[in-house]
Every structure is written in C-alpha cells, then in structure tokens.
Amino acid sequence: MLKEILENVRKTTPLIHNITNYVTVNDCANVLLASGSSPIMADDIDDVVDITSICGGLHINIGTLNRNTIPAMFLAGKRANELGHPVLLDPVGAGASKLRTDTAYQLLDQVKFSVIRGNISEIKTLALGEGSTRGVDASIDDIVTEENLDKTVAFAKKFAAKTDAIIVITGAIDIVADKSKGYCIRNGHPMMSRITGSGCQLSALITAFLTANKETPLEAVVAAVCAMGICGEKAYARMTALDGNASYRNYLIDAVYNLTGDELESEAKYEIL
Amino acid sequence: MLKEILENVRKTTPLIHNITNYVTVNDCANVLLASGSSPIMADDIDDVVDITSICGGLHINIGTLNRNTIPAMFLAGKRANELGHPVLLDPVGAGASKLRTDTAYQLLDQVKFSVIRGNISEIKTLALGEGSTRGVDASIDDIVTEENLDKTVAFAKKFAAKTDAIIVITGAIDIVADKSKGYCIRNGHPMMSRITGSGCQLSALITAFLTANKETPLEAVVAAVCAMGICGEKAYARMTALDGNASYRNYLIDAVYNLTGDELESEAKYEIL
Amino acid sequence: MLKEILENVRKTTPLIHNITNYVTVNDCANVLLASGSSPIMADDIDDVVDITSICGGLHINIGTLNRNTIPAMFLAGKRANELGHPVLLDPVGAGASKLRTDTAYQLLDQVKFSVIRGNISEIKTLALGEGSTRGVDASIDDIVTEENLDKTVAFAKKFAAKTDAIIVITGAIDIVADKSKGYCIRNGHPMMSRITGSGCQLSALITAFLTANKETPLEAVVAAVCAMGICGEKAYARMTALDGNASYRNYLIDAVYNLTGDELESEAKYEIL
C-alpha cells in the first residue's frame, strides 16, 4: 500500500504550489524534486490564483508570513478549494505571536484544508487556543509521550472531526488522524530537530503524496510521514564523525531521492490506534 | 578562447547585482563566488539604482516576483542600460501566469537585455505568445530534439534579431544564438533537472562571464553554458550510491569552483549551426 | 573561560530572533541550531514585537532590507531594548547604497545595540562616513594589516565608546573591542570569504553567545569570533580535491555542530591590545 503510494508520486510528477517561508524554501523545493514531484513557488496576490490553477496541490506555510503574502494565502486557498485540489496548512509558530495565531485561525475559517500539520503546541493552539509554543518548537509541557499517547490521538481525531481535515502532529512520536482513524508512527530520528525545516519539508512532501493519491488520502499522509521518518533514520546512519547538521540536511534529502517503495513498505513503523 | 573567458572572470572578479527569487538565491550567490565573481542581492526600489551603479552586470530573475520587486527590476534595468552594463533576463515561469508573462513582456519592452535565458517553453511564450509552460518546467511538446534542432536554432536567431539580445534556450540540448550565429551545446546531465535552480545558477553565471568579457559577448555566453554543463557532468561522476539531489547540488557548485580553463576548453562540446 | 561560554549556549538553548536577508537565512538558522541555540525568523511589522518578546536576543542584518522589513527592524530593536535583550547589528553593504547607509545610521540612532559586526569598510562607513565598501565586501584600501592593526583597534575602541556597543571588525584579522579593551583574533581561513554568509552566520552566532552569557559580554563575543574562525580552519582541513565552496559551507556548519568547549579553549588564538 505505502509502496504504491510512493510510486504514484513518481509516476505522476504532481505539480505543487508552495507559499512558504524564505528560510527553508530551497529545501522544500529540493525535497519535492527528490520525491519525484515538481515544485513551484509563488506568493504575490496577482500571481497565486494562476499558479494554483495549473498545479495539482497547494502547500501553505506561515513561517515568515507578511502583509503581502497573507492575502495571497487566502486567494490561493480559495482557488484550490474551487478546483478540489488538496491543500495543506503548516501553522509555523501559531501560538508564538498574535499575527501567526490569528492568521491560522482565519485560514481555517475561510479555507477548507485537507491536512493540517504542526508540532503539538501549534496544533493545540489551533484546536484549544492554549498551546505554549516556544518560538517554532513545541513546548516541553506539550510533548507527546507513551503516557499521553491515547489521549493525544483522541484529541487529534476530535480536531479532525471539527475541521474535516487530516491532522498530523509531529515530534518524537508522530500522529496522523482523521475523525475516525488514528495512526501512531515511530519512524524518525532526534537529529531531524537539529536542522531547520524538517517539518516544512514534510509538509511539502505530504502535499505531493496526497495530490498523487487522492483516492486514499489518510494512507497517503501516513506514507509521507513514514517516508520522512525512514529517511531521517537513513540520513543519520550515513553520518561520519565530522558530519553535523549541515551534512545531515543533505543526507535527508538524498535519502528521499533514493527511497524505494519496497523500503518504505518494509521499514515503516506504524500502528493504528 | 573559452579558457581565456573563464580566466577573465577569475582575474577581474566582476561584481554582479542579482534581483532574483528567494528559492535559489543562496545557490546563485555561491555559484558566482565559485566562478570567481562577487554577488550582491538587492531588490528594494530605494536600493537597486545605487547597487546597480556600483556593479558591473545585472541579473534579473522573475521566479518569485512580487509587487515590490517588479518595479525594482525596471529601475535597475534602466539604470544598467544607462551605464552600458550587461543585463540578463531569466523569465522563470513566463507562460505559467499572467503576471509572469506580462512582466516579462514589459521588461522586454522597457529594458534592453544583453541575454535572455529560459527553457524552450518560456522563450516560446516571450517570442510567440504560445509556449505551454508546465509550472517552471518546459512542456513536453516544446522539447528541443535532434529533429527540430535546426528549426529551433532558426527560431532563436529570429528572436535574437527582434530583441537584439543573445538568446539562450536550455534543456537536454542547449542553444545559444544571436541574430547571425547559432551554437548548439551538448554538455550537461539529466540530473541537473532534479535540483532546483540549475537554470537560475546558469543565468547568474552567464551574467558574470559576460561582464568580464564584454568584447566577445556571444563567446562569453557559450563559455558559461558549456561550463555549467561540464560541471553538471563532473558533479554526476562524483555521486556515490547514497547521494541524491542534495549532494548533487553541492557537487555542482563545487565543480564550478574547481573548473579550470583547460578543462573548459577541452571538454566543451558545441557546434555552430 | 571560552569553554564555559560555549557550554552556556548548549545548556540554555537561547532563542534568537533573526531579521535577516533571504540569501543566507537558511545558513543562519542552521548555524544557530549547530551551536545549540534555537532560531526564529520573523520580519513583518505586525509580527516582530511578539516574536522579539518571547526570544532572548535579536539579530538584525540589513543584507536585503526593504520597505517592509526596515520598519520591522526598528520596532523589534526598540522592543528588545525595553526588555534588556542583547541586540546585534550587521550593517551589510553600508556604504554601498544610500538606503543601506541611512538605515544603519538611523538604527544606531534609535536602537541601543550590544554589538555591531561588519567588515572594515562597513564599520568605517558607520563611524566615519567614509568607508569604501565594494558591494558587500571590504575595499582593498581598508583592509586590516599588521601595519595598521594598532590604529584600527584604537579606532574600534573609540567607536565602541561612542556607541556603547562592542565593535566587531572581521576580515583576515578580526578585531573585537569595547571602549576600554581590544582583542585581536587570528583564527579563520581565507576560504570563509569564498562562500556567501560566513559573516551573517557569525553575527547570528555572536547574538546567541551573548544571550547565553550576559554577565561577560566582551568575552562572549570573543568566544563566538574564535569559534567561527576555528570552525573555518577545521572545515578547510576536511576538504578533498573535488570539494569547493558548497561543500565548505556544509563543513563550516558541521564544525560548529561538533565544536567542543575544550577545542575552543585550546585552539583560540587571540591577544589583547
């Protein structure tokens, strides 16, 4: 199943419109290319409707949102909705500033998202108005553990029901849930949090996997999360004594480039909750 | 000849003003440094006239154009024209949105470009109003092949005559033409299309080569295109089993850094058509 | 002493707000992560006050300043001043354009900076109004040499007295000075000038070191400058025949990731002048 999902990405080369932050935008473009997708970046209000229209999916990331790009996010999101394209929201830093929190709320209000992906603090902010985001990282108090796992999956399902979106909460343990089914994913490596943008890259990747697998959206998202986690493991396995986070960043994207459907199928570690 | 052109870049360290997209801007800066040139990026309308004035050449790339940077492109282009500096246009995504297509047309109308570099679909859009750009990639229907090569070179010459610019069409086969002379270049590697920004990097490089070799503009552009292609080959030769597009991106810039005039001279594969 | 300073960064994970250029922003984020700090980027006027408020230090870099980000720099700077946070100014290209020079002057006028870091031409522009910046590089005429070293340290001390900031002048020889004490640092490698952003990375790093070591600001800045220089040496030592500036960029950040307090202590080469 996961194998077929990855192969569909490679066979169909989905074109993905990214409105994303300027910090990790190059990594997002290269990881999409690594996966077999094709990225395009456009964030001007006079450009985004046309660009979304020629693409298959839309990835909105508010990491360095500003007064020019925020209205572009709404325009692109609404256009993607009209066209029935998958749309993903990555609410970077929701909870860390009023602008980020308010923009995320308003986006949720006016655009129908297929997927919302964030760390636990960002998702709590959106769902409960009470996350305690530390900059762009999750607060220690919010971290998903074995103890609160069942409760967190229930929370994700409930927020999925409310938003009619697939909810993805990433961290040491990843959770993917729609309103009725929850997955817990145990791939990945702590080193992924020592580079900027592993979350942004995953958001781009999910959008591509979903665009190429519209009939099986939940499985497509699970496949993307497992793929990124497996690649995080492979990238770490490749590190030598002198390597640090910069080399790891390259190895991570390289691993996506080289990941086969069989590896994804056999190395994915998930359970249904 | 090609050797001397590269050596002129390294001897004179041309200062290049780049108004470019935020996706591949770091790669453009590093490839210019690799070539022996010096990059500066500036895109605010209150900044660009001064910056263009202290530079030797101007590189305009519309990859993530917006309402603030578009007027800056016009101001910088006109100032560069006044000063007689080489100016290159990279019409990223022309044909993919009205804003991109219209901006490219207006730039052609108001600024005299020394070089226009794009994929075949972008150049067809500018010349004929009929390219079928797929996002930022060329459409399959437009691809340059052995069968349509002569016709495409004739097309490039005609567009060069109309614009008084050197036209560069890049793809599996690259074409460089002014109104009377056409080159077909057979260096490069398919892997170059699996990273973001190999085209943007080439545009930056052409601007630098031209700025350092004003007396032989056509040969300078050919040298830059051959150099990038040869480096694409060298970068691929260096790849190991675990490497993917992220490592390839680094190897490509590394290859530009290490390219010698003798290698450029001996490994360039071009013919005059 | 230097060892303890680095260890304080790793123990306290300072959260650093960066308003910086889009050319080297990814490198700034990754070098902060490499050092054990946590980066956040935000540059919209409606976002920066909140973000600065949750951070421990502020890094302002005018490398690609524009009409939207300039007012955000003032707002964030003033807020950081209210909160007593360390604030660093990196006046990229001051002297190269009126907008850059004027913005830097006005920032100095309205914001109290803890550190000002630039090349000698940028610092001369700020202090004397007479630097001869070549784009983003120092002018040959300004370069710090053994002959003018004493004079340059005296100049740095005087400018430190005037601004009540620690002045950092980087180049082949680095100078760090407050009004009463000057350090000359002889770590580093010429290869650092063949990548874009080694200066920007250092500015980010200084901000983090200072934020984690508020009681010993001058020593914190010296430690960051030594650390970057040592990492520049280590990165060069790792280069192979095919490596160029792209690999060097990665090795530099990797070296920061792997730098130990003991190495910093034993490999730092500085003298007090």
# chains A, B, ... in the order shown; residues from 1 in each chain; ligands from 1
>>> closest_atom_pairs(of="chain B", to="chain C", cutoff="10 Å", atoms="only C-alpha atoms", output="CSV")
residue,atom,partner,partner_atom,distance
B:Leu15,CA,C:Gly135,CA,7.4
B:Ile16,CA,C:Gly135,CA,9.0
B:His17,CA,C:Gly135,CA,8.9
B:Thr20,CA,C:Val23,CA,10.0
B:Asn21,CA,C:Tyr22,CA,9.4
B:Tyr22,CA,C:Tyr22,CA,6.3
B:Val23,CA,C:Tyr22,CA,9.0
B:Thr24,CA,C:Val23,CA,8.6
B:Val25,CA,C:Val23,CA,5.6
B:Asn26,CA,C:Val23,CA,4.9
B:Asp27,CA,C:Ala246,CA,8.6
B:Cys28,CA,C:Val23,CA,9.1
B:Ala29,CA,C:Thr196,CA,6.3
B:Asn30,CA,C:Ile195,CA,5.8
B:Val31,CA,C:Ala246,CA,8.4
B:Leu32,CA,C:Ile195,CA,9.5
B:Leu33,CA,C:Arg194,CA,5.8
B:Ala34,CA,C:Asn245,CA,6.4
B:Ser35,CA,C:Arg194,CA,9.9
B:Gly36,CA,C:Arg194,CA,8.5
B:Ser37,CA,C:Arg194,CA,9.8
B:Ser38,CA,C:Gly135,CA,8.3
B:Pro39,CA,C:Gly135,CA,8.0
B:Ile40,CA,C:Gly135,CA,6.2
B:Met41,CA,C:Thr64,CA,6.6
B:Ala42,CA,C:Thr64,CA,5.6
B:Asp43,CA,C:Thr64,CA,7.1
B:Asp44,CA,C:Asn66,CA,5.1
B:Ile45,CA,C:Asn66,CA,8.1
B:Asp46,CA,C:Leu99,CA,6.4
B:Asp47,CA,C:Leu99,CA,5.7
B:Val48,CA,C:Ser97,CA,8.3
B:Val49,CA,C:Ser97,CA,8.5
B:Asp50,CA,C:Ser97,CA,5.2
B:Ile51,CA,C:Ser97,CA,6.1
B:Thr52,CA,C:Ser97,CA,9.6
B:Ser53,CA,C:Ser97,CA,9.2
B:Ile54,CA,C:Gly135,CA,7.1
B:Cys55,CA,C:Gly135,CA,7.5
B:Asn68,CA,C:Arg67,CA,8.7
B:Thr69,CA,C:Asn66,CA,9.6
B:Lys234,CA,C:Leu242,CA,9.4
B:Ala235,CA,C:Leu242,CA,9.2
B:Arg238,CA,C:Leu242,CA,8.3
B:Ser247,CA,C:Ser247,CA,8.9
B:Arg249,CA,C:Ala246,CA,8.3
B:Asn250,CA,C:Ala246,CA,5.0
B:Tyr251,CA,C:Ala246,CA,7.3
B:Leu252,CA,C:Ala246,CA,8.4
B:Ile253,CA,C:Ala246,CA,5.8
B:Asp254,CA,C:Gly244,CA,3.9
B:Ala255,CA,C:Gly244,CA,6.9
B:Val256,CA,C:Gly244,CA,8.0
B:Tyr257,CA,C:Gly244,CA,5.4
B:Asn258,CA,C:Gly244,CA,6.5
B:Leu259,CA,C:Leu242,CA,9.9
>>> residues_around(residues="segment 7-11 of chain C", least_positions_apart="6", cutoff="9 Å", atoms="only C-alpha atoms", output="PyMOL selection string")
chain C and resi 35-37+208-213+260-261
>>> write_last_selection(atoms="C-alpha atoms", output="short mmCIF file (atom, residue, chain, number, x, y, z; two decimals), in the first residue's frame")
data_model
loop_
_atom_site.label_atom_id
_atom_site.label_comp_id
_atom_site.auth_asym_id
_atom_site.auth_seq_id
_atom_site.Cartn_x
_atom_site.Cartn_y
_atom_site.Cartn_z
CA SER C 35 25.63 25.92 18.24
CA GLY C 36 22.83 24.64 20.43
CA SER C 37 20.64 27.75 20.05
CA ALA C 208 23.42 33.54 20.66
CA PHE C 209 26.69 33.50 22.62
CA LEU C 210 25.87 36.89 24.10
CA THR C 211 22.33 35.92 25.01
CA ALA C 212 23.60 32.90 26.91
CA ASN C 213 26.39 34.87 28.63
CA THR C 260 33.71 21.20 21.92
CA GLY C 261 34.46 23.63 24.70
#
>>> select_by_dssp(residues="segment 24-176 of chain A", states="strand (DSSP E or B)", output="PyMOL selection string")
chain A and resi 38-41+57-61+87-90+94+97+115-119+134+137+166-170+174-176
>>> closest_residue(among="C:Ile19, C:Met228, C:Leu89, C:Ala76", to="Thr163 of chain C", atoms="only C-alpha atoms")
C:Leu89
>>> atom_distance(atom1="atom CA of Ala160 of chain A", atom2="atom CA of Ala177 of chain A")
6.8 Å
>>> select_by_dssp(residues="segment 50-91 of chain A", states="alpha helix (DSSP H)", output="PyMOL selection string")
chain A and resi 50-54+69-83
>>> atom_distance(atom1="atom CA of Glu215 of chain A", atom2="atom CA of Leu58 of chain A")
17.0 Å
>>> residues_around(residues="Glu271 of chain B", least_positions_apart="3", cutoff="12 Å", atoms="only C-alpha atoms", output="list in words")
Leu149, Asp150, Val153, Ile173, Asp174, Ile175, Val176, Ala177, Lys181, Gly182, Tyr183, Cys184, Ile185, Arg186, Asn187, Val222, Cys226 and Ala268 of chain B
>>> atom_distance(atom1="atom CA of Glu82 of chain C", atom2="atom CA of Gly129 of chain A")
27.7 Å
>>> residues_around(residues="Leu88 of chain B", least_positions_apart="6", cutoff="10 Å", atoms="only C-alpha atoms", output="list in words")
Asn18, Gly57, Leu58, His59, Ile60, Asn61, Gly77, Lys112, Phe113, Ser114, Val115, Ile116, Arg117, Ala165, Ile166, Ile167, Ser203, Ala204, Ile206, Thr207, Ala208 and Leu210 of chain B
>>> closest_residue(among="A:Lys158, A:Lys124, A:Ile140, A:Gly229", to="Tyr270 of chain A", atoms="only C-alpha atoms")
A:Gly229
>>> decode(residues="segment 84-123 of chain A", atoms="N, CA and C atoms", output="PDB file, in the first residue's frame")
ATOM      1  N   GLY A  84     -10.953  21.744  -6.125  1.00  0.00           N
ATOM      2  CA  GLY A  84     -10.894  20.438  -5.482  1.00  0.00           C
ATOM      3  C   GLY A  84      -9.481  19.916  -5.275  1.00  0.00           C
ATOM      4  N   HIS A  85      -8.504  20.818  -5.233  1.00  0.00           N
ATOM      5  CA  HIS A  85      -7.118  20.398  -5.005  1.00  0.00           C
ATOM      6  C   HIS A  85      -6.859  20.181  -3.520  1.00  0.00           C
ATOM      7  N   PRO A  86      -5.988  19.228  -3.198  1.00  0.00           N
ATOM      8  CA  PRO A  86      -5.539  19.097  -1.810  1.00  0.00           C
ATOM      9  C   PRO A  86      -4.839  20.379  -1.355  1.00  0.00           C
ATOM     10  N   VAL A  87      -5.130  20.778  -0.112  1.00  0.00           N
ATOM     11  CA  VAL A  87      -4.496  21.973   0.461  1.00  0.00           C
ATOM     12  C   VAL A  87      -3.999  21.621   1.855  1.00  0.00           C
ATOM     13  N   LEU A  88      -2.748  21.920   2.135  1.00  0.00           N
ATOM     14  CA  LEU A  88      -2.163  21.654   3.446  1.00  0.00           C
ATOM     15  C   LEU A  88      -1.817  22.956   4.143  1.00  0.00           C
ATOM     16  N   LEU A  89      -2.077  23.015   5.445  1.00  0.00           N
ATOM     17  CA  LEU A  89      -1.667  24.163   6.264  1.00  0.00           C
ATOM     18  C   LEU A  89      -0.574  23.726   7.231  1.00  0.00           C
ATOM     19  N   ASP A  90       0.540  24.469   7.211  1.00  0.00           N
ATOM     20  CA  ASP A  90       1.601  24.293   8.199  1.00  0.00           C
ATOM     21  C   ASP A  90       1.645  25.579   9.034  1.00  0.00           C
ATOM     22  N   PRO A  91       1.047  25.551  10.232  1.00  0.00           N
ATOM     23  CA  PRO A  91       0.889  26.773  11.022  1.00  0.00           C
ATOM     24  C   PRO A  91       2.125  27.104  11.853  1.00  0.00           C
ATOM     25  N   VAL A  92       3.263  27.324  11.187  1.00  0.00           N
ATOM     26  CA  VAL A  92       4.536  27.530  11.893  1.00  0.00           C
ATOM     27  C   VAL A  92       4.440  28.683  12.903  1.00  0.00           C
ATOM     28  N   GLY A  93       4.706  28.358  14.137  1.00  0.00           N
ATOM     29  CA  GLY A  93       4.738  29.399  15.158  1.00  0.00           C
ATOM     30  C   GLY A  93       3.369  29.869  15.627  1.00  0.00           C
ATOM     31  N   ALA A  94       2.290  29.165  15.237  1.00  0.00           N
ATOM     32  CA  ALA A  94       0.985  29.526  15.807  1.00  0.00           C
ATOM     33  C   ALA A  94       1.106  29.396  17.323  1.00  0.00           C
ATOM     34  N   GLY A  95       0.673  30.414  18.034  1.00  0.00           N
ATOM     35  CA  GLY A  95       0.852  30.436  19.479  1.00  0.00           C
ATOM     36  C   GLY A  95       2.032  31.301  19.908  1.00  0.00           C
ATOM     37  N   ALA A  96       2.947  31.570  18.963  1.00  0.00           N
ATOM     38  CA  ALA A  96       4.135  32.359  19.305  1.00  0.00           C
ATOM     39  C   ALA A  96       3.906  33.846  19.093  1.00  0.00           C
ATOM     40  N   SER A  97       2.954  34.207  18.232  1.00  0.00           N
ATOM     41  CA  SER A  97       2.614  35.619  18.025  1.00  0.00           C
ATOM     42  C   SER A  97       1.146  35.713  17.657  1.00  0.00           C
ATOM     43  N   LYS A  98       0.576  36.870  17.938  1.00  0.00           N
ATOM     44  CA  LYS A  98      -0.834  37.101  17.612  1.00  0.00           C
ATOM     45  C   LYS A  98      -1.042  36.998  16.101  1.00  0.00           C
ATOM     46  N   LEU A  99      -0.129  37.555  15.321  1.00  0.00           N
ATOM     47  CA  LEU A  99      -0.301  37.529  13.864  1.00  0.00           C
ATOM     48  C   LEU A  99      -0.360  36.096  13.335  1.00  0.00           C
ATOM     49  N   ARG A 100       0.520  35.256  13.847  1.00  0.00           N
ATOM     50  CA  ARG A 100       0.548  33.868  13.384  1.00  0.00           C
ATOM     51  C   ARG A 100      -0.704  33.119  13.826  1.00  0.00           C
ATOM     52  N   THR A 101      -1.080  33.303  15.080  1.00  0.00           N
ATOM     53  CA  THR A 101      -2.251  32.611  15.600  1.00  0.00           C
ATOM     54  C   THR A 101      -3.516  33.068  14.865  1.00  0.00           C
ATOM     55  N   ASP A 102      -3.676  34.382  14.745  1.00  0.00           N
ATOM     56  CA  ASP A 102      -4.877  34.914  14.087  1.00  0.00           C
ATOM     57  C   ASP A 102      -4.944  34.505  12.624  1.00  0.00           C
ATOM     58  N   THR A 103      -3.804  34.550  11.941  1.00  0.00           N
ATOM     59  CA  THR A 103      -3.791  34.168  10.527  1.00  0.00           C
ATOM     60  C   THR A 103      -4.180  32.707  10.371  1.00  0.00           C
ATOM     61  N   ALA A 104      -3.664  31.871  11.243  1.00  0.00           N
ATOM     62  CA  ALA A 104      -4.002  30.438  11.170  1.00  0.00           C
ATOM     63  C   ALA A 104      -5.497  30.229  11.415  1.00  0.00           C
ATOM     64  N   TYR A 105      -6.047  30.908  12.418  1.00  0.00           N
ATOM     65  CA  TYR A 105      -7.499  30.794  12.686  1.00  0.00           C
ATOM     66  C   TYR A 105      -8.314  31.217  11.465  1.00  0.00           C
ATOM     67  N   GLN A 106      -7.937  32.365  10.904  1.00  0.00           N
ATOM     68  CA  GLN A 106      -8.706  32.876   9.772  1.00  0.00           C
ATOM     69  C   GLN A 106      -8.572  31.973   8.544  1.00  0.00           C
ATOM     70  N   LEU A 107      -7.397  31.420   8.359  1.00  0.00           N
ATOM     71  CA  LEU A 107      -7.226  30.474   7.249  1.00  0.00           C
ATOM     72  C   LEU A 107      -8.143  29.266   7.449  1.00  0.00           C
ATOM     73  N   LEU A 108      -8.169  28.748   8.677  1.00  0.00           N
ATOM     74  CA  LEU A 108      -9.044  27.608   8.978  1.00  0.00           C
ATOM     75  C   LEU A 108     -10.505  27.964   8.739  1.00  0.00           C
ATOM     76  N   ASP A 109     -10.832  29.196   8.977  1.00  0.00           N
ATOM     77  CA  ASP A 109     -12.205  29.659   8.848  1.00  0.00           C
ATOM     78  C   ASP A 109     -12.621  29.804   7.386  1.00  0.00           C
ATOM     79  N   GLN A 110     -11.708  30.248   6.549  1.00  0.00           N
ATOM     80  CA  GLN A 110     -12.086  30.601   5.176  1.00  0.00           C
ATOM     81  C   GLN A 110     -11.636  29.599   4.120  1.00  0.00           C
ATOM     82  N   VAL A 111     -10.714  28.739   4.486  1.00  0.00           N
ATOM     83  CA  VAL A 111     -10.220  27.754   3.517  1.00  0.00           C
ATOM     84  C   VAL A 111     -10.465  26.356   4.081  1.00  0.00           C
ATOM     85  N   LYS A 112     -10.896  25.440   3.237  1.00  0.00           N
ATOM     86  CA  LYS A 112     -11.047  24.046   3.643  1.00  0.00           C
ATOM     87  C   LYS A 112      -9.715  23.342   3.428  1.00  0.00           C
ATOM     88  N   PHE A 113      -9.091  22.911   4.532  1.00  0.00           N
ATOM     89  CA  PHE A 113      -7.802  22.228   4.415  1.00  0.00           C
ATOM     90  C   PHE A 113      -7.981  20.721   4.387  1.00  0.00           C
ATOM     91  N   SER A 114      -7.175  20.064   3.576  1.00  0.00           N
ATOM     92  CA  SER A 114      -7.151  18.602   3.538  1.00  0.00           C
ATOM     93  C   SER A 114      -6.317  18.066   4.684  1.00  0.00           C
ATOM     94  N   VAL A 115      -5.243  18.791   5.005  1.00  0.00           N
ATOM     95  CA  VAL A 115      -4.314  18.372   6.058  1.00  0.00           C
ATOM     96  C   VAL A 115      -3.844  19.597   6.838  1.00  0.00           C
ATOM     97  N   ILE A 116      -3.726  19.437   8.140  1.00  0.00           N
ATOM     98  CA  ILE A 116      -3.073  20.442   8.985  1.00  0.00           C
ATOM     99  C   ILE A 116      -1.921  19.731   9.681  1.00  0.00           C
ATOM    100  N   ARG A 117      -0.692  20.217   9.462  1.00  0.00           N
ATOM    101  CA  ARG A 117       0.478  19.573  10.067  1.00  0.00           C
ATOM    102  C   ARG A 117       1.261  20.551  10.920  1.00  0.00           C
ATOM    103  N   GLY A 118       1.495  20.190  12.161  1.00  0.00           N
ATOM    104  CA  GLY A 118       2.303  21.042  13.016  1.00  0.00           C
ATOM    105  C   GLY A 118       2.872  20.243  14.169  1.00  0.00           C
ATOM    106  N   ASN A 119       3.640  20.936  15.049  1.00  0.00           N
ATOM    107  CA  ASN A 119       4.042  20.264  16.281  1.00  0.00           C
ATOM    108  C   ASN A 119       2.867  20.333  17.259  1.00  0.00           C
ATOM    109  N   ILE A 120       2.973  19.641  18.344  1.00  0.00           N
ATOM    110  CA  ILE A 120       1.836  19.534  19.262  1.00  0.00           C
ATOM    111  C   ILE A 120       1.395  20.900  19.802  1.00  0.00           C
ATOM    112  N   SER A 121       2.347  21.797  20.033  1.00  0.00           N
ATOM    113  CA  SER A 121       1.974  23.103  20.573  1.00  0.00           C
ATOM    114  C   SER A 121       1.199  23.925  19.549  1.00  0.00           C
ATOM    115  N   GLU A 122       1.619  23.845  18.306  1.00  0.00           N
ATOM    116  CA  GLU A 122       0.913  24.576  17.248  1.00  0.00           C
ATOM    117  C   GLU A 122      -0.506  24.029  17.077  1.00  0.00           C
ATOM    118  N   ILE A 123      -0.634  22.702  17.079  1.00  0.00           N
ATOM    119  CA  ILE A 123      -1.959  22.106  16.885  1.00  0.00           C
ATOM    120  C   ILE A 123      -2.856  22.397  18.090  1.00  0.00           C
TER     121      ILE A 123
END
